[in-house]
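The structure appears right after this line, and notes come after that.
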Amino acid sequence: MAKLPQKLQIIPLGGLAEIGKNMTVVRCGDDIIVIDSGLMFPEDSMPGIDLVIPDISYLLDNRDLIRAIILTHGHEDHIGALPFVLKQLDVPVYGTRLTLGIVSNRLKENNIAVSNLIAVEAGDELVLGHFKIGFIHVNHSIADAVALSLKTPVGTIVHTGDFKFDQTPVDGRSSDFHRFSELGDQGVLVLLADSTNAERSGYTMSEKTVGVTFEETFRVACERIIIATFSSNIHRIQQAINAACKYNRKVAILGRSMLNVVGIALELGYLDVPEGILIDIDDINNYPSSRIVIVTTGSQGEPMSALTRMAMSDHKKVEISPGDTIIISATPIPGNEKLIFRTIDSLLRQGAEVVYEAAAGIHVSGHASQEELKLMHNLVRPKFFIPVHGEYRHLIKHAKLAQELGMSKDSIFVAENGSVLEFTREKGQITGKVTAGSILVDGLGVGDVGNIVLRDRRQLSQDGILIMVVTMDKQSGSILVGPDIVSRGFVYVRESEQLLDEARERVKQALEKCEVNGITEWASIKTSVREVLGKYLYEKTRRRPMILPIIMEA
């Protein structure tokens, strides 16, 4: 009989000290389970980058040990990297029906087979190697979210996924308090818990409060109503449909991702829509504006989203009219504030009434606040705790909450992406690091843009580029033509002729000096030109453009 493992490892590859890119590896013996496979949207310091995904070098090095990828829910920060991961790893993917419905759509768009997707339900258990995995229903801002229990020979791990404790959920299904308490009674070795709202005191409001606000807004609106929200928030869309039914309005869905997710939710039975309520966007002009509701994308001010195009009078099918009521039912993701407020300003200029996040009750979070986090800890009562899913300050705050509940500081691990956390039945410690970080996706390129390219892009965006072109005699090293200088994003050429003439003269002097000193290697000549030109331009402008010397030989 094979000897049972005496220790297990938890290795976060993403999601720590950042919002998004969630991916956690759990290893017991020669079995690996991967929890989630998310992406992160680029920061302002990443010009031109489309997406950021986790570095999966560790998984590629241990591909034969991976038993499955387990998904907690269908948000992009938990499933968005799957199309890139599954191109390199052929492993089964387990998730609830709605989660896999959204994943399936993403994989088909990327021409990836969906045969590895295996649907599970809350309450199910499955055995994979040394792991017995349980799926626990939790409330979140997307339907069909689950927490996970992983029973191993060493002990039980509980991973909350993203969650909150909603006492009055839209679908009537509260988080499974009983199962968490049951696991706590049986003994939990390690808890990994969502830290996104660890700074917020009290409780997160129920999703139903948004429905009440919708109904109040619908009651007083005289013209068309446009609701912008996340396409994945099925419960929010359901409440918009409920309010439309109550006030005898038709509902049109607008935006590619919104159409996709609503279609999946209808097909799988996650949306309850009375017959005749949904209409095609092309048919909205067949009804009085007072009987129309449009549910659309663009709650984050995304430049190509439907709401933003409406705000800029650039949408082919919908134009904003004075008297329209626009409800932006979402809170700004950090970094998106300017985009959203620019969109709101444009809508207001067109005469629309805009209701946004500052209005109480138009949006609620899907994450647990402090009192709910305390409740989770008291239900599960873990021996060790790892705060996950949040920026560093969120992790620290969650760790302090655990200490307030009586947990020893030595039993709490505020880790980094790539940390190897090793646990036995009695002891936990950080024992090392594996490769972890960010892979940048730019168009069709995955990982081909790194720090050097980003540095160059930042320099180009800040000070522009100066291209110096000269033709030289290969034998003598004398100048035949030029130097000519081309400026882009540095100075306006017509107003800077004196500066550029002097720059040409400095280049000539540098080239003549190279000729006198017998320097004939093009690389050395280019370096000399770059140094002289860079020093001169900084003295005159206090700017550092990218300087690109081009030497042609004749």
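Chain labels run A, B, ... following the order of the structure tokens; each chain numbers its residues from 1, and ligands are numbered from 1 in the order shown.
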Name all residues at most 9 Å from Pro92 in chain A (count only C-alpha atoms; drop same-chain ones fewer than 6 positions away) and give them as number ranges by chain.
A: 67-70, 115-118
Taking the DSSP secondary structure from the backbone, can you list the residues of range 346-418 of chain A that are strand (DSSP E or B), as a PyMOL selection string?
chain A and resi 353-355+382-388+390+412
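For the pair CA of Ile102 in chain A and CA of Ser141 in chain A, the interatomic distance is 14.8 Å.
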Using only C-alpha atoms, which of A:Val127, A:Leu500, A:Ala198, A:Thr99 sits nearest Glu391 in chain A?
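Closest to Glu391 in chain A, using only C-alpha atoms: A:Ala198.
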Just checking: using only C-alpha atoms, which residue out of A:Asn110, A:Ser461, A:Ser175, A:Gln88 ends up closest to Glu372 in chain A?
A:Ser175
Quick one: distance from CA of Val354 in chain A to CA of Asn233 in chain A in Å, one decimal?
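Interatomic distance, CA of Val354 in chain A to CA of Asn233 in chain A: 20.3 Å.
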